[in-house]
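**Student:** Below is model-v4.txt; it holds compact mmCIF, C-alpha atoms.
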```txt
# COMPACT_ATOMS: atom_id res chain seq x y z
CA MET M 1 -8.61 24.26 -14.28
CA LEU M 2 -8.50 20.49 -14.30
CA HIS M 3 -11.39 18.81 -16.11
CA ILE M 4 -12.18 15.25 -15.07
CA THR M 5 -14.45 12.69 -16.70
CA PRO M 6 -15.38 9.26 -15.32
CA LEU M 7 -15.37 6.60 -18.04
CA PRO M 8 -17.48 3.58 -16.98
CA ALA M 9 -15.77 0.21 -17.50
CA PHE M 10 -16.63 -3.40 -16.66
CA ASN M 11 -19.48 -3.63 -14.14
CA ASP M 12 -18.63 -0.80 -11.77
CA ASN M 13 -15.16 0.60 -12.55
CA TYR M 14 -14.37 4.18 -13.46
CA ILE M 15 -11.36 5.08 -15.59
CA TRP M 16 -10.75 8.77 -14.93
CA ALA M 17 -9.78 11.02 -17.85
CA LEU M 18 -8.20 14.38 -17.08
CA GLN M 19 -7.16 17.37 -19.12
CA THR M 20 -6.80 21.17 -18.98
CA GLU M 21 -7.58 23.95 -21.44
CA GLN M 22 -3.87 24.62 -21.74
CA ASN M 23 -2.95 21.16 -23.02
CA SER M 24 -4.00 19.22 -26.07
CA GLY M 25 -4.30 15.68 -24.84
CA VAL M 26 -5.56 13.53 -21.99
CA TYR M 27 -4.19 11.50 -19.09
CA VAL M 28 -6.13 8.50 -17.85
CA VAL M 29 -6.08 6.86 -14.42
CA ASP M 30 -6.20 3.08 -13.97
CA PRO M 31 -7.25 2.03 -17.50
CA GLY M 32 -8.35 -1.55 -16.99
CA ASP M 33 -10.07 -1.54 -20.39
CA ALA M 34 -8.13 0.06 -23.26
CA GLN M 35 -11.06 0.16 -25.67
CA VAL M 36 -13.07 2.40 -23.36
CA VAL M 37 -10.21 4.91 -23.44
CA ILE M 38 -9.68 4.63 -27.21
CA ASP M 39 -13.39 5.18 -27.91
CA TYR M 40 -13.49 8.23 -25.62
CA LEU M 41 -10.39 9.82 -27.16
CA ASN M 42 -11.75 9.20 -30.64
CA ASP M 43 -15.02 10.89 -29.66
CA ILE M 44 -13.32 14.03 -28.31
CA LYS M 45 -10.54 13.92 -30.94
CA GLN M 46 -7.71 14.18 -28.40
CA PRO M 47 -4.46 12.21 -28.09
CA LEU M 48 -3.38 10.18 -25.08
CA LEU M 49 -0.58 11.92 -23.20
CA GLY M 50 -0.05 9.48 -20.36
CA ILE M 51 -1.34 6.96 -17.83
CA LEU M 52 -1.44 7.02 -14.03
CA ILE M 53 -1.62 3.69 -12.18
CA THR M 54 -2.51 3.40 -8.49
CA HIS M 55 -1.96 -0.34 -7.93
CA HIS M 56 -1.43 -3.65 -9.68
CA HIS M 57 -4.89 -5.23 -9.87
CA GLN M 58 -5.92 -6.26 -13.38
CA ASP M 59 -9.06 -4.13 -13.54
CA HIS M 60 -6.76 -1.11 -13.14
CA THR M 61 -3.85 -2.15 -15.36
CA GLY M 62 -5.29 -4.46 -18.01
CA GLY M 63 -5.40 -1.83 -20.74
CA ILE M 64 -1.81 -0.57 -20.50
CA ALA M 65 -0.29 -2.83 -23.17
CA GLN M 66 -3.02 -2.15 -25.74
CA LEU M 67 -2.87 1.61 -25.14
CA LEU M 68 0.91 1.65 -25.61
CA ASN M 69 0.53 -0.42 -28.74
CA HIS M 70 -2.16 1.93 -30.06
CA TYR M 71 -0.64 5.30 -29.13
CA GLY M 72 3.06 4.46 -29.00
CA ALA M 73 5.58 3.19 -26.48
CA GLN M 74 6.66 6.78 -25.76
CA ILE M 75 3.46 7.36 -23.76
CA ALA M 76 4.35 8.07 -20.12
CA VAL M 77 3.07 5.43 -17.71
CA TYR M 78 3.46 6.31 -14.03
CA GLY M 79 2.94 3.81 -11.23
CA PRO M 80 4.39 2.27 -8.07
CA GLN M 81 7.70 0.56 -8.73
CA ALA M 82 7.14 -1.73 -5.74
CA GLU M 83 4.27 -3.51 -7.47
CA HIS M 84 6.23 -4.58 -10.60
CA ILE M 85 3.51 -3.64 -13.10
CA ALA M 86 4.25 -4.42 -16.74
CA GLY M 87 4.30 -1.32 -18.94
CA ILE M 88 5.27 1.26 -16.32
CA ASN M 89 8.11 3.39 -17.69
CA GLN M 90 7.99 6.15 -15.07
CA PRO M 91 8.31 4.15 -11.82
CA ILE M 92 7.56 5.92 -8.55
CA THR M 93 9.58 4.80 -5.56
CA ASP M 94 8.38 7.04 -2.71
CA GLU M 95 6.21 9.99 -1.79
CA THR M 96 7.14 12.75 -4.19
CA GLU M 97 5.82 15.32 -6.65
CA ILE M 98 6.00 14.44 -10.31
CA LYS M 99 5.63 16.60 -13.40
CA LEU M 100 3.26 14.99 -15.88
CA GLN M 101 4.96 14.81 -19.25
CA GLY M 102 3.30 16.87 -21.96
CA THR M 103 1.44 19.11 -19.51
CA ALA M 104 2.01 21.83 -16.95
CA LEU M 105 0.45 19.62 -14.31
CA ALA M 106 2.14 18.27 -11.20
CA ALA M 107 0.93 15.32 -9.15
CA LYS M 108 1.67 14.83 -5.47
CA VAL M 109 2.10 11.12 -4.81
CA GLN M 110 1.18 9.57 -1.47
CA GLN M 111 1.85 6.02 -0.28
CA VAL M 112 -1.38 4.44 1.01
CA PRO M 113 -0.79 0.76 1.85
CA GLY M 114 -3.80 -1.32 2.85
CA HIS M 115 -5.70 -2.55 -0.18
CA THR M 116 -2.32 -3.50 -1.65
CA LEU M 117 1.07 -2.88 -0.09
CA GLY M 118 2.32 -0.58 -2.85
CA HIS M 119 -0.90 1.38 -3.49
CA ILE M 120 -0.39 5.09 -4.22
CA THR M 121 -2.66 8.09 -4.79
CA TYR M 122 -2.23 11.14 -7.00
CA LEU M 123 -3.28 14.66 -5.95
CA ILE M 124 -3.47 16.99 -8.95
CA GLU M 125 -4.64 20.51 -8.13
CA ASP M 126 -7.77 19.88 -6.02
CA VAL M 127 -8.46 16.36 -7.32
CA LEU M 128 -7.48 13.14 -5.56
CA PHE M 129 -7.23 9.95 -7.62
CA CYS M 130 -7.30 7.30 -4.92
CA GLY M 131 -7.88 4.00 -6.71
CA ASP M 132 -9.27 1.42 -4.32
CA THR M 133 -8.12 3.00 -1.04
CA LEU M 134 -10.89 5.48 -0.30
CA PHE M 135 -14.39 4.96 -1.66
CA SER M 136 -17.35 7.22 -1.10
CA GLY M 137 -18.78 5.91 2.15
CA GLY M 138 -16.21 3.12 2.40
CA CYS M 139 -12.70 1.85 1.78
CA GLY M 140 -10.97 -0.96 -0.09
CA ARG M 141 -10.69 -4.52 1.14
CA LEU M 142 -7.46 -5.51 2.87
CA PHE M 143 -6.04 -7.87 0.26
CA GLU M 144 -2.39 -7.34 1.22
CA GLY M 145 -2.10 -4.75 3.97
CA THR M 146 -3.32 -4.62 7.55
CA ALA M 147 -6.19 -2.78 9.18
CA GLU M 148 -3.64 -0.59 10.94
CA GLN M 149 -2.05 0.37 7.61
CA MET M 150 -5.37 1.20 5.99
CA HIS M 151 -6.50 3.19 8.99
CA GLN M 152 -3.29 5.24 8.80
CA SER M 153 -3.68 5.72 5.04
CA LEU M 154 -7.25 6.99 5.36
CA SER M 155 -6.28 9.20 8.29
CA GLN M 156 -3.64 10.83 6.07
CA LEU M 157 -6.11 11.37 3.23
CA SER M 158 -8.64 12.91 5.62
CA LEU M 159 -6.12 15.69 6.30
CA LEU M 160 -6.39 16.97 2.73
CA ALA M 161 -8.34 20.17 2.11
CA ASP M 162 -12.10 19.80 2.55
CA ASN M 163 -12.75 20.89 -1.05
CA THR M 164 -10.55 18.12 -2.48
CA ARG M 165 -12.55 16.17 -5.05
CA VAL M 166 -12.34 12.43 -4.43
CA CYS M 167 -12.13 10.29 -7.58
CA CYS M 168 -12.13 6.63 -6.64
CA ALA M 169 -12.18 3.75 -9.08
CA HIS M 170 -15.52 2.05 -8.38
CA GLU M 171 -19.21 2.91 -8.16
CA TYR M 172 -19.69 1.28 -4.76
CA THR M 173 -21.43 4.23 -3.11
CA LEU M 174 -24.94 2.87 -2.52
CA ALA M 175 -23.67 -0.42 -1.05
CA ASN M 176 -21.23 1.48 1.13
CA LEU M 177 -23.93 3.84 2.37
CA LYS M 178 -26.18 0.93 3.30
CA PHE M 179 -23.45 -0.30 5.61
CA ALA M 180 -22.65 3.20 6.87
CA ASN M 181 -26.30 3.69 7.81
CA THR M 182 -26.25 0.41 9.74
CA VAL M 183 -23.32 1.49 11.90
CA GLU M 184 -24.31 5.18 12.25
CA PRO M 185 -28.08 5.40 11.62
CA ASN M 186 -28.57 8.76 13.33
CA ASN M 187 -26.18 10.72 11.09
CA PRO M 188 -28.33 13.37 9.31
CA VAL M 189 -25.69 14.19 6.69
CA LEU M 190 -25.48 10.51 5.81
CA ALA M 191 -29.27 10.26 5.53
CA GLN M 192 -29.38 13.16 3.06
CA TYR M 193 -26.44 11.80 1.06
CA MET M 194 -28.19 8.44 0.73
CA LEU M 195 -31.17 10.22 -0.83
CA ASP M 196 -28.94 12.22 -3.18
CA ALA M 197 -26.85 9.23 -4.24
CA THR M 198 -29.92 7.06 -4.79
CA ALA M 199 -31.42 9.72 -7.05
CA LEU M 200 -28.22 9.96 -9.09
CA ARG M 201 -27.98 6.21 -9.60
CA ALA M 202 -31.65 6.03 -10.58
CA GLN M 203 -30.65 8.28 -13.49
CA ASN M 204 -27.56 6.14 -14.15
CA LYS M 205 -25.34 9.07 -13.17
CA PRO M 206 -22.08 8.69 -11.19
CA THR M 207 -22.12 9.54 -7.50
CA LEU M 208 -18.53 10.69 -7.93
CA PRO M 209 -16.49 12.70 -7.39
CA SER M 210 -17.12 12.97 -3.69
CA SER M 211 -15.18 15.37 -1.47
CA ILE M 212 -12.98 15.08 1.59
CA ALA M 213 -15.47 17.20 3.55
CA LEU M 214 -18.32 14.86 2.65
CA GLU M 215 -16.32 11.74 3.46
CA LYS M 216 -15.37 13.12 6.87
CA ALA M 217 -19.08 13.66 7.52
CA ILE M 218 -20.42 10.28 6.36
CA ASN M 219 -17.70 7.65 5.88
CA PRO M 220 -17.53 5.27 8.87
CA PHE M 221 -13.94 4.27 8.07
CA ILE M 222 -12.90 7.87 8.61
CA ARG M 223 -15.39 8.40 11.44
CA VAL M 224 -14.02 5.57 13.60
CA ASN M 225 -14.15 7.78 16.70
CA SER M 226 -17.87 8.52 16.36
CA THR M 227 -19.59 7.71 19.64
CA GLU M 228 -22.52 6.05 17.87
CA ILE M 229 -20.25 3.90 15.70
CA ARG M 230 -18.23 2.79 18.72
CA GLN M 231 -21.38 1.94 20.67
CA ASN M 232 -22.71 -0.15 17.80
CA LEU M 233 -19.38 -1.91 17.38
CA ALA M 234 -19.26 -2.72 21.08
CA ALA M 235 -22.78 -4.17 20.90
CA LYS M 236 -22.11 -6.10 17.69
CA PHE M 237 -18.85 -7.69 18.84
CA GLN M 238 -19.53 -7.79 22.58
CA GLN M 239 -16.32 -6.02 23.57
CA PRO M 240 -15.28 -2.54 24.68
CA ILE M 241 -13.83 -0.29 21.97
CA GLU M 242 -10.62 1.14 23.34
CA SER M 243 -8.82 2.65 20.33
CA SER M 244 -9.42 4.03 16.86
CA GLU M 245 -7.34 1.15 15.42
CA GLN M 246 -9.60 -1.41 17.08
CA SER M 247 -12.68 0.46 15.88
CA PHE M 248 -11.36 0.47 12.32
CA ALA M 249 -10.42 -3.22 12.33
CA LEU M 250 -13.84 -4.26 13.61
CA LEU M 251 -15.59 -2.00 11.10
CA ARG M 252 -13.65 -3.55 8.25
CA HIS M 253 -14.46 -7.06 9.50
CA TRP M 254 -18.15 -6.16 9.84
CA LYS M 255 -18.22 -4.75 6.30
CA ASP M 256 -16.53 -7.90 4.96
CA ILE M 257 -19.34 -10.06 6.33
CA PHE M 258 -22.15 -7.53 5.82
```
Can the structure from this file be put into structure tokens for me?

**Tutor:**
Amino acid sequence: MLHITPLPAFNDNYIWALQTEQNSGVYVVDPGDAQVVIDYLNDIKQPLLGILITHHHQDHTGGIAQLLNHYGAQIAVYGPQAEHIAGINQPITDETEIKLQGTALAAKVQQVPGHTLGHITYLIEDVLFCGDTLFSGGCGRLFEGTAEQMHQSLSQLSLLADNTRVCCAHEYTLANLKFANTVEPNNPVLAQYMLDATALRAQNKPTLPSSIALEKAINPFIRVNSTEIRQNLAAKFQQPIESSEQSFALLRHWKDIF
């Protein structure tokens, strides 16, 4: 079984650490801060086996050089070749399945353009490491891609098994749920999740991982065909909503100015 641990970094990032009982050592996902990883591995007395990178932003890649310097240049660093990230020595060029060096684990890689053009996700067993593409209750900003691309990327992720654990890279849940409740205020599952997430954060506990089933029930960027969401979009922007792509684009614009 895959064990996952969120390591808080910066103001609201999570660096995900993963390991199994069968392997001595840990992989980390998007280590923006090397010291956070080093301190964690020292605490649990485990070596670093490798690094998984989802996209090129500094808060996800900033620790690569220091980790390679600390643990050795032989450490496997996987990431999207298209984004030209310094330190990657296992470049990924397309959707594929990779064997993680030093483990019996395999990761299914999916291309999810939107937040950045080369963004990828990793599915390992029942755990999705999705960087800044899918957040609990939300999605990443469109820094490089289009609304159409992000809509397609999230639509693909929503097809994963309902029990897939969703490990995104930021603790944005409460802010996302505030927006979600504005656009779909009569969603009872969302109302309960807001209570649950608020209680967790009051104890300084992560709201993550989420699940694909939960996101399909509460995330407006996946629920673009909800009648209530479409009605509220039509009222907000004074135009008929005629497609899921239009619904998504207007939702993303609304969230950007929310």

**Student:** For Pro31 in chain M, please output as a tab-separated table (two decimals) with C-alpha atoms, in the frame of the given file all residues within 6 Å (counting only C-alpha atoms; exclusion window: fewer than 6 positions along the same chain).

**Tutor:**
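Dumped everything to result-v7.tsv:
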```tsv
chain	number	residue	atom	x	y	z
M	15	ILE	CA	-11.36	5.08	-15.59
M	60	HIS	CA	-6.76	-1.11	-13.14
M	61	THR	CA	-3.85	-2.15	-15.36
M	63	GLY	CA	-5.40	-1.83	-20.74
```

**Student:** Which one of M:Ile38, M:Pro6, M:Pro220, M:Ile92 sits closest to Tyr71 in chain M if you count all atoms listed in the file?

**Tutor:**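 Answer, going by the shortest atom-to-atom distance: M:Ile38.
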
**Student:** What's the 7 Å shell around Gln110 in chain M, counting only C-alpha atoms, without same-chain residues fewer than 4 positions away, as a ChimeraX atom specification?

**Tutor:** /M:95,120-122

**Student:** Within 12 Å of Ala197 in chain M, counting only C-alpha atoms, which residues show up once you throw out same-chain ones fewer than 2 positions away? Write them as a count of residues only, please.

**Tutor:** 28

**Student:** With all atoms listed in the file as the basis for distance, which of M:Gln81, M:Ala161, M:Asp59, M:Cys168 is at the shortest distance from Trp16 in chain M?

**Tutor:**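 The shortest atom-to-atom distance to Trp16 in chain M comes from M:Cys168.
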
**Student:** Please determine an axis-aligned box that encloses all atoms of range 21-33 of chain M listed in the file, with 8 Å added on each side, and express its centre and edge lengths in Å to one decimal as JSON.

**Tutor:**
```
{"center_x": -6.5, "center_y": 11.5, "center_z": -20.0, "size_x": 23.1, "size_y": 42.2, "size_z": 28.1}
```

**Student:** Would you list the residues near (-17.4, 6.4, 8.2), meaning any protein, DNA or RNA residue with an atom at most 10 Å from that point in file coordinates, counting all atoms listed in the file, as a PDB file with C-alpha atoms, in the coordinates of the input?

**Tutor:**
```pdb
ATOM      1  CA  SER M 136     -17.350   7.220  -1.100  1.00  0.00           C
ATOM      2  CA  GLY M 137     -18.780   5.910   2.150  1.00  0.00           C
ATOM      3  CA  GLY M 138     -16.210   3.120   2.400  1.00  0.00           C
ATOM      4  CA  CYS M 139     -12.700   1.850   1.780  1.00  0.00           C
ATOM      5  CA  ASN M 176     -21.230   1.480   1.130  1.00  0.00           C
ATOM      6  CA  LEU M 177     -23.930   3.840   2.370  1.00  0.00           C
ATOM      7  CA  PHE M 179     -23.450  -0.300   5.610  1.00  0.00           C
ATOM      8  CA  ALA M 180     -22.650   3.200   6.870  1.00  0.00           C
ATOM      9  CA  ASN M 181     -26.300   3.690   7.810  1.00  0.00           C
ATOM     10  CA  VAL M 183     -23.320   1.490  11.900  1.00  0.00           C
ATOM     11  CA  GLU M 184     -24.310   5.180  12.250  1.00  0.00           C
ATOM     12  CA  LEU M 190     -25.480  10.510   5.810  1.00  0.00           C
ATOM     13  CA  GLU M 215     -16.320  11.740   3.460  1.00  0.00           C
ATOM     14  CA  LYS M 216     -15.370  13.120   6.870  1.00  0.00           C
ATOM     15  CA  ALA M 217     -19.080  13.660   7.520  1.00  0.00           C
ATOM     16  CA  ILE M 218     -20.420  10.280   6.360  1.00  0.00           C
ATOM     17  CA  ASN M 219     -17.700   7.650   5.880  1.00  0.00           C
ATOM     18  CA  PRO M 220     -17.530   5.270   8.870  1.00  0.00           C
ATOM     19  CA  PHE M 221     -13.940   4.270   8.070  1.00  0.00           C
ATOM     20  CA  ILE M 222     -12.900   7.870   8.610  1.00  0.00           C
ATOM     21  CA  ARG M 223     -15.390   8.400  11.440  1.00  0.00           C
ATOM     22  CA  VAL M 224     -14.020   5.570  13.600  1.00  0.00           C
ATOM     23  CA  ASN M 225     -14.150   7.780  16.700  1.00  0.00           C
ATOM     24  CA  SER M 226     -17.870   8.520  16.360  1.00  0.00           C
ATOM     25  CA  ILE M 229     -20.250   3.900  15.700  1.00  0.00           C
ATOM     26  CA  PHE M 248     -11.360   0.470  12.320  1.00  0.00           C
ATOM     27  CA  LEU M 251     -15.590  -2.000  11.100  1.00  0.00           C
TER      28      LEU M 251
END
```

**Student:** Could you model N, CA, C and O atoms for range 180-201 of chain M and present them as a JSON list (two decimals), in the frame of the given file?

**Tutor:**
```json
[["chain", "number", "residue", "atom", "x", "y", "z"],
["M", 180, "ALA", "N", -22.88, 2.03, 6.03],
["M", 180, "ALA", "CA", -22.65, 3.20, 6.87],
["M", 180, "ALA", "C", -23.89, 3.53, 7.70],
["M", 180, "ALA", "O", -23.79, 3.87, 8.89],
["M", 181, "ASN", "N", -25.07, 3.40, 7.09],
["M", 181, "ASN", "CA", -26.30, 3.69, 7.81],
["M", 181, "ASN", "C", -26.58, 2.66, 8.90],
["M", 181, "ASN", "O", -27.23, 2.97, 9.90],
["M", 182, "THR", "N", -26.08, 1.45, 8.72],
["M", 182, "THR", "CA", -26.25, 0.41, 9.74],
["M", 182, "THR", "C", -25.41, 0.73, 10.97],
["M", 182, "THR", "O", -25.87, 0.51, 12.10],
["M", 183, "VAL", "N", -24.21, 1.26, 10.76],
["M", 183, "VAL", "CA", -23.32, 1.49, 11.90],
["M", 183, "VAL", "C", -23.48, 2.89, 12.49],
["M", 183, "VAL", "O", -23.08, 3.13, 13.63],
["M", 184, "GLU", "N", -24.08, 3.82, 11.73],
["M", 184, "GLU", "CA", -24.31, 5.18, 12.25],
["M", 184, "GLU", "C", -25.66, 5.70, 11.75],
["M", 184, "GLU", "O", -25.73, 6.65, 10.97],
["M", 185, "PRO", "N", -26.77, 5.09, 12.19],
["M", 185, "PRO", "CA", -28.08, 5.40, 11.62],
["M", 185, "PRO", "C", -28.63, 6.78, 11.97],
["M", 185, "PRO", "O", -29.60, 7.23, 11.33],
["M", 186, "ASN", "N", -28.05, 7.46, 12.93],
["M", 186, "ASN", "CA", -28.57, 8.76, 13.33],
["M", 186, "ASN", "C", -27.75, 9.93, 12.80],
["M", 186, "ASN", "O", -27.80, 11.04, 13.34],
["M", 187, "ASN", "N", -27.00, 9.68, 11.71],
["M", 187, "ASN", "CA", -26.18, 10.72, 11.09],
["M", 187, "ASN", "C", -27.04, 11.43, 10.04],
["M", 187, "ASN", "O", -27.33, 10.87, 8.99],
["M", 188, "PRO", "N", -27.44, 12.69, 10.25],
["M", 188, "PRO", "CA", -28.33, 13.37, 9.31],
["M", 188, "PRO", "C", -27.67, 13.67, 7.96],
["M", 188, "PRO", "O", -28.35, 13.66, 6.93],
["M", 189, "VAL", "N", -26.38, 13.93, 7.96],
["M", 189, "VAL", "CA", -25.69, 14.19, 6.69],
["M", 189, "VAL", "C", -25.68, 12.92, 5.85],
["M", 189, "VAL", "O", -25.89, 12.95, 4.64],
["M", 190, "LEU", "N", -25.46, 11.80, 6.50],
["M", 190, "LEU", "CA", -25.48, 10.51, 5.81],
["M", 190, "LEU", "C", -26.87, 10.23, 5.23],
["M", 190, "LEU", "O", -27.00, 9.77, 4.09],
["M", 191, "ALA", "N", -27.90, 10.50, 5.99],
["M", 191, "ALA", "CA", -29.27, 10.26, 5.53],
["M", 191, "ALA", "C", -29.56, 11.06, 4.26],
["M", 191, "ALA", "O", -30.15, 10.54, 3.30],
["M", 192, "GLN", "N", -29.15, 12.33, 4.25],
["M", 192, "GLN", "CA", -29.38, 13.16, 3.06],
["M", 192, "GLN", "C", -28.55, 12.67, 1.88],
["M", 192, "GLN", "O", -29.03, 12.64, 0.74],
["M", 193, "TYR", "N", -27.31, 12.28, 2.15],
["M", 193, "TYR", "CA", -26.44, 11.80, 1.06],
["M", 193, "TYR", "C", -26.99, 10.52, 0.45],
["M", 193, "TYR", "O", -26.91, 10.30, -0.76],
["M", 194, "MET", "N", -27.57, 9.66, 1.27],
["M", 194, "MET", "CA", -28.19, 8.44, 0.73],
["M", 194, "MET", "C", -29.30, 8.77, -0.24],
["M", 194, "MET", "O", -29.43, 8.15, -1.30],
["M", 195, "LEU", "N", -30.10, 9.80, 0.08],
["M", 195, "LEU", "CA", -31.17, 10.22, -0.83],
["M", 195, "LEU", "C", -30.59, 10.77, -2.12],
["M", 195, "LEU", "O", -31.04, 10.44, -3.23],
["M", 196, "ASP", "N", -29.56, 11.60, -2.00],
["M", 196, "ASP", "CA", -28.94, 12.22, -3.18],
["M", 196, "ASP", "C", -28.29, 11.17, -4.08],
["M", 196, "ASP", "O", -28.45, 11.20, -5.31],
["M", 197, "ALA", "N", -27.55, 10.25, -3.46],
["M", 197, "ALA", "CA", -26.85, 9.23, -4.24],
["M", 197, "ALA", "C", -27.83, 8.28, -4.91],
["M", 197, "ALA", "O", -27.63, 7.87, -6.06],
["M", 198, "THR", "N", -28.90, 7.94, -4.21],
["M", 198, "THR", "CA", -29.92, 7.06, -4.79],
["M", 198, "THR", "C", -30.57, 7.71, -6.00],
["M", 198, "THR", "O", -30.80, 7.04, -7.03],
["M", 199, "ALA", "N", -30.82, 9.01, -5.92],
["M", 199, "ALA", "CA", -31.42, 9.72, -7.05],
["M", 199, "ALA", "C", -30.48, 9.75, -8.25],
["M", 199, "ALA", "O", -30.91, 9.57, -9.40],
["M", 200, "LEU", "N", -29.20, 9.95, -8.00],
["M", 200, "LEU", "CA", -28.22, 9.96, -9.09],
["M", 200, "LEU", "C", -28.15, 8.60, -9.78],
["M", 200, "LEU", "O", -28.16, 8.51, -11.01],
["M", 201, "ARG", "N", -28.09, 7.54, -9.01],
["M", 201, "ARG", "CA", -27.98, 6.21, -9.60],
["M", 201, "ARG", "C", -29.27, 5.81, -10.33],
["M", 201, "ARG", "O", -29.20, 5.06, -11.31]]
```
